[in-house]
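One file, entry07.tsv, carrying TSV, C-alpha atoms:
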```tsv
chain	number	residue	atom	x	y	z
A	1	MET	CA	206.27	188.07	-160.00
A	2	PRO	CA	203.70	187.31	-162.71
A	3	HIS	CA	200.16	186.70	-161.55
A	4	ILE	CA	196.75	185.86	-162.93
A	5	GLU	CA	193.40	186.86	-161.46
A	6	ILE	CA	190.17	185.14	-162.48
A	7	ARG	CA	186.79	186.27	-161.10
A	8	THR	CA	183.79	183.96	-161.48
A	9	GLU	CA	180.15	184.55	-160.49
A	10	ILE	CA	178.51	181.35	-159.32
A	11	TYR	CA	174.80	181.02	-158.53
A	12	SER	CA	175.35	178.74	-155.56
A	13	ASP	CA	176.10	179.13	-151.88
A	14	VAL	CA	179.59	179.97	-150.65
A	15	HIS	CA	179.97	176.68	-148.72
A	16	THR	CA	179.38	174.55	-151.82
A	17	CYS	CA	181.84	176.61	-153.88
A	18	PHE	CA	184.50	176.55	-151.16
A	19	ASP	CA	184.23	172.81	-150.64
A	20	LEU	CA	184.35	172.07	-154.37
A	21	ALA	CA	187.48	174.21	-154.75
A	22	ARG	CA	189.36	172.28	-152.06
A	23	ASN	CA	188.18	168.83	-153.11
A	24	ILE	CA	191.00	166.71	-154.57
A	25	ASP	CA	188.58	164.41	-156.44
A	26	PHE	CA	186.84	167.37	-158.07
A	27	GLN	CA	190.15	168.95	-159.11
A	28	LYS	CA	191.28	165.68	-160.68
A	29	GLU	CA	187.97	165.33	-162.55
A	30	SER	CA	187.75	168.98	-163.65
A	31	LEU	CA	191.28	169.04	-165.06
A	32	GLU	CA	191.07	165.69	-166.82
A	33	HIS	CA	192.09	167.34	-170.11
A	34	VAL	CA	195.59	168.13	-168.79
A	35	THR	CA	195.98	165.02	-166.61
A	36	GLU	CA	196.52	165.70	-162.94
A	37	ILE	CA	196.82	162.62	-160.74
A	38	PRO	CA	197.29	162.89	-156.97
A	39	PHE	CA	199.78	160.26	-155.79
A	40	ALA	CA	200.97	161.22	-152.28
A	41	GLY	CA	199.78	163.13	-149.25
A	42	LYS	CA	196.07	163.96	-149.24
A	43	THR	CA	194.93	162.19	-152.42
A	44	SER	CA	191.15	162.23	-151.98
A	45	GLY	CA	188.45	164.31	-150.31
A	46	HIS	CA	188.79	167.83	-148.92
A	47	ILE	CA	192.23	169.27	-148.30
A	48	GLY	CA	192.65	171.45	-145.23
A	49	LEU	CA	195.14	173.58	-143.37
A	50	GLY	CA	198.62	172.08	-143.18
A	51	GLU	CA	197.77	169.21	-145.53
A	52	TRP	CA	199.71	168.61	-148.73
A	53	VAL	CA	199.25	166.74	-151.97
A	54	SER	CA	201.71	165.61	-154.62
A	55	TRP	CA	200.44	165.59	-158.20
A	56	GLU	CA	201.77	164.01	-161.34
A	57	VAL	CA	200.75	166.48	-164.02
A	58	ILE	CA	201.16	166.74	-167.75
A	59	HIS	CA	201.23	170.35	-168.86
A	60	LEU	CA	202.42	171.46	-172.27
A	61	GLY	CA	203.38	167.86	-173.00
A	62	VAL	CA	205.81	167.65	-170.07
A	63	VAL	CA	205.34	165.26	-167.13
A	64	GLN	CA	206.03	166.97	-163.82
A	65	HIS	CA	205.69	166.23	-160.12
A	66	ILE	CA	204.38	169.10	-158.02
A	67	THR	CA	203.72	169.14	-154.29
A	68	SER	CA	201.56	171.87	-152.76
A	69	LYS	CA	200.51	172.58	-149.19
A	70	VAL	CA	197.56	174.51	-147.77
A	71	THR	CA	199.21	177.35	-145.82
A	72	ALA	CA	196.19	179.55	-144.96
A	73	PHE	CA	192.56	178.62	-144.37
A	74	SER	CA	189.37	180.39	-143.30
A	75	LYS	CA	186.26	178.34	-144.10
A	76	PRO	CA	184.28	179.18	-146.26
A	77	TYR	CA	185.96	182.35	-147.48
A	78	PHE	CA	189.63	181.76	-148.18
A	79	PHE	CA	192.40	179.24	-148.56
A	80	VAL	CA	195.88	179.31	-150.03
A	81	ASP	CA	197.93	176.50	-151.48
A	82	GLU	CA	201.61	176.97	-152.18
A	83	MET	CA	204.04	174.82	-154.12
A	84	ILE	CA	206.68	173.33	-151.84
A	85	LEU	CA	208.31	171.12	-154.48
A	86	GLY	CA	208.16	171.41	-158.25
A	87	VAL	CA	209.23	173.17	-161.41
A	88	PHE	CA	208.39	176.72	-160.35
A	89	LYS	CA	210.72	179.03	-158.45
A	90	SER	CA	207.57	180.00	-156.56
A	91	CYS	CA	203.85	179.33	-156.95
A	92	ARG	CA	200.97	180.53	-154.75
A	93	HIS	CA	197.24	180.08	-155.43
A	94	GLU	CA	194.79	182.15	-153.38
A	95	HIS	CA	191.17	180.96	-153.48
A	96	ILE	CA	188.79	183.71	-152.31
A	97	PHE	CA	185.00	183.37	-151.92
A	98	LYS	CA	182.55	186.18	-151.19
A	99	GLU	CA	178.79	185.95	-150.70
A	100	ALA	CA	176.85	188.39	-152.88
A	101	GLY	CA	173.09	187.89	-152.52
A	102	ASN	CA	172.09	184.65	-154.22
A	103	LYS	CA	175.54	184.04	-155.68
A	104	THR	CA	179.17	183.55	-154.73
A	105	ILE	CA	182.02	185.55	-156.22
A	106	MET	CA	185.02	183.25	-156.55
A	107	THR	CA	188.37	184.91	-157.17
A	108	ASP	CA	191.47	182.92	-158.05
A	109	LYS	CA	194.75	184.76	-157.61
A	110	PHE	CA	197.62	182.73	-159.00
A	111	TYR	CA	201.20	183.95	-158.52
A	112	PHE	CA	204.00	182.07	-160.26
A	113	GLU	CA	207.59	182.39	-161.32
A	114	LEU	CA	209.94	180.07	-163.15
A	115	PRO	CA	213.63	179.84	-162.34
A	116	TYR	CA	216.15	180.00	-165.23
A	117	GLY	CA	216.81	183.76	-165.26
A	118	VAL	CA	215.95	185.61	-168.46
A	119	PHE	CA	214.74	182.42	-170.17
A	120	GLY	CA	212.30	181.81	-167.28
A	121	LYS	CA	211.01	185.39	-167.47
A	122	LEU	CA	210.40	185.05	-171.20
A	123	MET	CA	208.57	181.73	-170.65
A	124	ASN	CA	206.44	183.42	-167.95
A	125	ILE	CA	205.43	186.21	-170.33
A	126	PHE	CA	205.03	184.40	-173.65
A	127	VAL	CA	203.88	180.89	-172.70
A	128	LEU	CA	202.89	180.27	-169.09
A	129	ASN	CA	200.71	183.32	-168.45
A	130	ARG	CA	198.41	182.47	-171.37
A	131	TYR	CA	198.44	178.72	-170.73
A	132	LEU	CA	197.81	178.96	-166.97
A	133	THR	CA	195.04	181.53	-167.51
A	134	LYS	CA	193.33	179.02	-169.79
A	135	VAL	CA	193.70	176.18	-167.23
A	136	LEU	CA	192.35	178.35	-164.40
A	137	LYS	CA	189.38	179.48	-166.50
A	138	ILE	CA	188.54	175.88	-167.42
A	139	ARG	CA	188.66	174.85	-163.76
A	140	ALA	CA	186.52	177.85	-162.72
A	141	THR	CA	183.96	177.03	-165.42
A	142	CYS	CA	183.79	173.40	-164.27
A	143	LEU	CA	183.36	174.49	-160.65
A	144	LYS	CA	180.61	176.94	-161.64
A	145	LYS	CA	178.78	174.29	-163.65
A	146	GLU	CA	179.09	171.69	-160.88
A	147	ALA	CA	177.98	174.08	-158.10
A	148	GLU	CA	175.03	175.48	-160.06
A	149	SER	CA	173.80	172.07	-161.16
A	150	ASN	CA	173.49	170.74	-157.61
A	151	LEU	CA	175.55	167.78	-158.76
A	152	GLY	CA	178.40	169.15	-156.67
A	153	VAL	CA	176.82	167.41	-153.70
A	154	LYS	CA	178.82	164.27	-154.49
A	155	PHE	CA	182.02	166.20	-153.66
A	156	ILE	CA	180.65	167.95	-150.56
A	157	THR	CA	180.52	166.68	-147.00
A	158	LYS	CA	179.04	168.53	-144.07
A	159	THR	CA	181.82	169.83	-141.84
A	160	LYS	CA	181.87	172.03	-138.78
A	161	MET	CA	181.73	175.71	-139.69
A	162	ILE	CA	184.66	177.90	-138.64
A	163	ASP	CA	184.05	181.53	-137.75
A	164	SER	CA	185.21	183.68	-140.70
A	165	ALA	CA	187.22	185.85	-138.31
A	166	GLN	CA	189.51	182.89	-137.66
A	167	VAL	CA	192.29	182.80	-140.22
A	168	TYR	CA	194.98	180.22	-139.73
A	169	GLN	CA	198.41	180.71	-141.22
A	170	LEU	CA	201.65	178.78	-140.90
```

Hey, can you dump this file as structure tokens for me?
Amino acid sequence: MPHIEIRTEIYSDVHTCFDLARNIDFQKESLEHVTEIPFAGKTSGHIGLGEWVSWEVIHLGVVQHITSKVTAFSKPYFFVDEMILGVFKSCRHEHIFKEAGNKTIMTDKFYFELPYGVFGKLMNIFVLNRYLTKVLKIRATCLKKEAESNLGVKFITKTKMIDSAQVYQL
């Protein structure tokens, strides 16, 4: 299965980075250039374990409806969202956060696969890998800028901390 890995150093605390990454409003705002509109499920605020969101997205000029669900969660270090309905045969996005002194290392691991046999494999290699890498880098850059500017506060709410040893999976 094709995958993309993006590593971003952010000079901000791990809690701010984690909360920005799981904030529906921030995702909508940061990916304005490709148009992603939440229309069902959790459509605003912070998404958490077991919650889902349906998006109307326009990627590569094609309107699609994609529903993803948070299937693993360990605040503030890790969460996973997986597509449960949409164009991909499978799609899994791992969001990993690690404290490193005065910065946070954010790693996005994005696994995806189209159906359609050989045609899907060719699309994965020649179109989607490059396009999705670009989208993930744009989102990571926006998150970095927001977290480092202290403007990210508008997307953050104080929530009860969960021990990092607790990892919840469905």

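Using only C-alpha atoms, the nearest neighbour of Asp81 of chain A within the list A:Pro2, A:Gly45, A:Gly50, A:Gly101 is A:Gly50.
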
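The nearest approach to Glu146 of chain A among the residues A:His95, A:Leu20, A:Met1, A:Gln64, with all atoms listed in the file taken into account, belongs to A:Leu20.
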
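Distance annotation: of A:Lys28, A:Lys42, A:Lys69, A:Arg139, the residue with the minimal separation from Val57 of chain A is A:Lys28; atom set is only C-alpha atoms.
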
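Going from atom CA of Asp25 of chain A to atom CA of Leu114 of chain A covers 27.3 Å.
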
Checklist entry - What is the distance between atom CA of Gly61 of chain A and atom CA of Val34 of chain A, in Å to one decimal? => result 8.9 Å

Next on the checklist: Could you list, as a ChimeraX atom specification, every residue within 8 Å of Cys91 of chain A, counting all atoms listed in the file and ignoring same-chain residues fewer than 6 positions away?
Outcome noted: /A:82-83,110-113

Please write the residues from the selection above to a file, keeping C-alpha atoms, as a PDB file, in the coordinates of the input.
```pdb
ATOM      1  CA  GLU A  82     201.610 176.970-152.180  1.00  0.00           C
ATOM      2  CA  MET A  83     204.040 174.820-154.120  1.00  0.00           C
ATOM      3  CA  PHE A 110     197.620 182.730-159.000  1.00  0.00           C
ATOM      4  CA  TYR A 111     201.200 183.950-158.520  1.00  0.00           C
ATOM      5  CA  PHE A 112     204.000 182.070-160.260  1.00  0.00           C
ATOM      6  CA  GLU A 113     207.590 182.390-161.320  1.00  0.00           C
TER       7      GLU A 113
END
```

Checklist outcome for this item: One residue among A:Ile24, A:Ile84, A:Val127, A:Leu132 is nearest to Ile4 of chain A when using only C-alpha atoms, and that residue is A:Leu132

Checklist entry - What does the distance from atom CA of Leu143 of chain A to atom CA of Val63 of chain A come to in Å, to one decimal? => result 24.7 Å

Please produce segment 28-56 of chain A, completed to N, CA and C atoms, as a compact mmCIF listing (two decimals), in the frame of the given file.
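Written file, part-v5.txt:
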```
# COMPACT_ATOMS: atom_id res chain seq x y z
N LYS A 28 190.83 166.72 -159.74
CA LYS A 28 191.28 165.68 -160.68
C LYS A 28 190.30 165.54 -161.84
N GLU A 29 189.01 165.50 -161.53
CA GLU A 29 187.97 165.33 -162.55
C GLU A 29 187.86 166.56 -163.45
N SER A 30 187.94 167.76 -162.86
CA SER A 30 187.75 168.98 -163.65
C SER A 30 188.93 169.29 -164.56
N LEU A 31 190.09 168.76 -164.23
CA LEU A 31 191.28 169.04 -165.06
C LEU A 31 191.74 167.79 -165.80
N GLU A 32 190.78 166.92 -166.11
CA GLU A 32 191.07 165.69 -166.82
C GLU A 32 191.81 165.93 -168.14
N HIS A 33 191.51 167.04 -168.80
CA HIS A 33 192.09 167.34 -170.11
C HIS A 33 193.60 167.57 -170.06
N VAL A 34 194.15 167.92 -168.88
CA VAL A 34 195.59 168.13 -168.79
C VAL A 34 196.27 167.03 -167.98
N THR A 35 195.53 166.14 -167.41
CA THR A 35 195.98 165.02 -166.61
C THR A 35 196.69 165.48 -165.35
N GLU A 36 195.98 165.42 -164.26
CA GLU A 36 196.52 165.70 -162.94
C GLU A 36 196.11 164.55 -162.04
N ILE A 37 197.09 163.80 -161.56
CA ILE A 37 196.82 162.62 -160.74
C ILE A 37 197.48 162.79 -159.37
N PRO A 38 196.68 162.81 -158.30
CA PRO A 38 197.29 162.89 -156.97
C PRO A 38 197.91 161.54 -156.61
N PHE A 39 199.15 161.54 -156.09
CA PHE A 39 199.78 160.26 -155.79
C PHE A 39 200.39 160.18 -154.39
N ALA A 40 200.43 161.27 -153.65
CA ALA A 40 200.97 161.22 -152.28
C ALA A 40 200.34 162.33 -151.45
N GLY A 41 200.40 162.16 -150.14
CA GLY A 41 199.78 163.13 -149.25
C GLY A 41 198.29 162.92 -149.22
N LYS A 42 197.54 164.01 -149.22
CA LYS A 42 196.07 163.96 -149.24
C LYS A 42 195.65 163.73 -150.69
N THR A 43 195.21 162.53 -151.03
CA THR A 43 194.93 162.19 -152.42
C THR A 43 193.44 162.09 -152.75
N SER A 44 192.59 162.31 -151.75
CA SER A 44 191.15 162.23 -151.98
C SER A 44 190.44 163.06 -150.92
N GLY A 45 189.24 163.54 -151.26
CA GLY A 45 188.45 164.31 -150.31
C GLY A 45 188.89 165.76 -150.23
N HIS A 46 188.53 166.41 -149.11
CA HIS A 46 188.79 167.83 -148.92
C HIS A 46 190.14 168.06 -148.27
N ILE A 47 190.94 168.92 -148.87
CA ILE A 47 192.23 169.27 -148.30
C ILE A 47 192.03 170.43 -147.33
N GLY A 48 192.80 170.42 -146.25
CA GLY A 48 192.65 171.45 -145.23
C GLY A 48 193.99 172.02 -144.81
N LEU A 49 193.95 172.88 -143.84
CA LEU A 49 195.14 173.58 -143.37
C LEU A 49 196.25 172.61 -142.98
N GLY A 50 197.45 172.88 -143.50
CA GLY A 50 198.62 172.08 -143.18
C GLY A 50 198.75 170.80 -143.98
N GLU A 51 197.70 170.44 -144.73
CA GLU A 51 197.77 169.21 -145.53
C GLU A 51 198.44 169.50 -146.87
N TRP A 52 199.01 168.47 -147.46
CA TRP A 52 199.71 168.61 -148.73
C TRP A 52 199.29 167.49 -149.67
N VAL A 53 199.53 167.74 -150.95
CA VAL A 53 199.25 166.74 -151.97
C VAL A 53 200.34 166.83 -153.04
N SER A 54 200.78 165.68 -153.50
CA SER A 54 201.71 165.61 -154.62
C SER A 54 200.93 165.15 -155.85
N TRP A 55 201.14 165.87 -156.94
CA TRP A 55 200.44 165.59 -158.20
C TRP A 55 201.44 165.19 -159.26
N GLU A 56 201.06 164.23 -160.09
CA GLU A 56 201.77 164.01 -161.34
C GLU A 56 200.91 164.71 -162.39
```
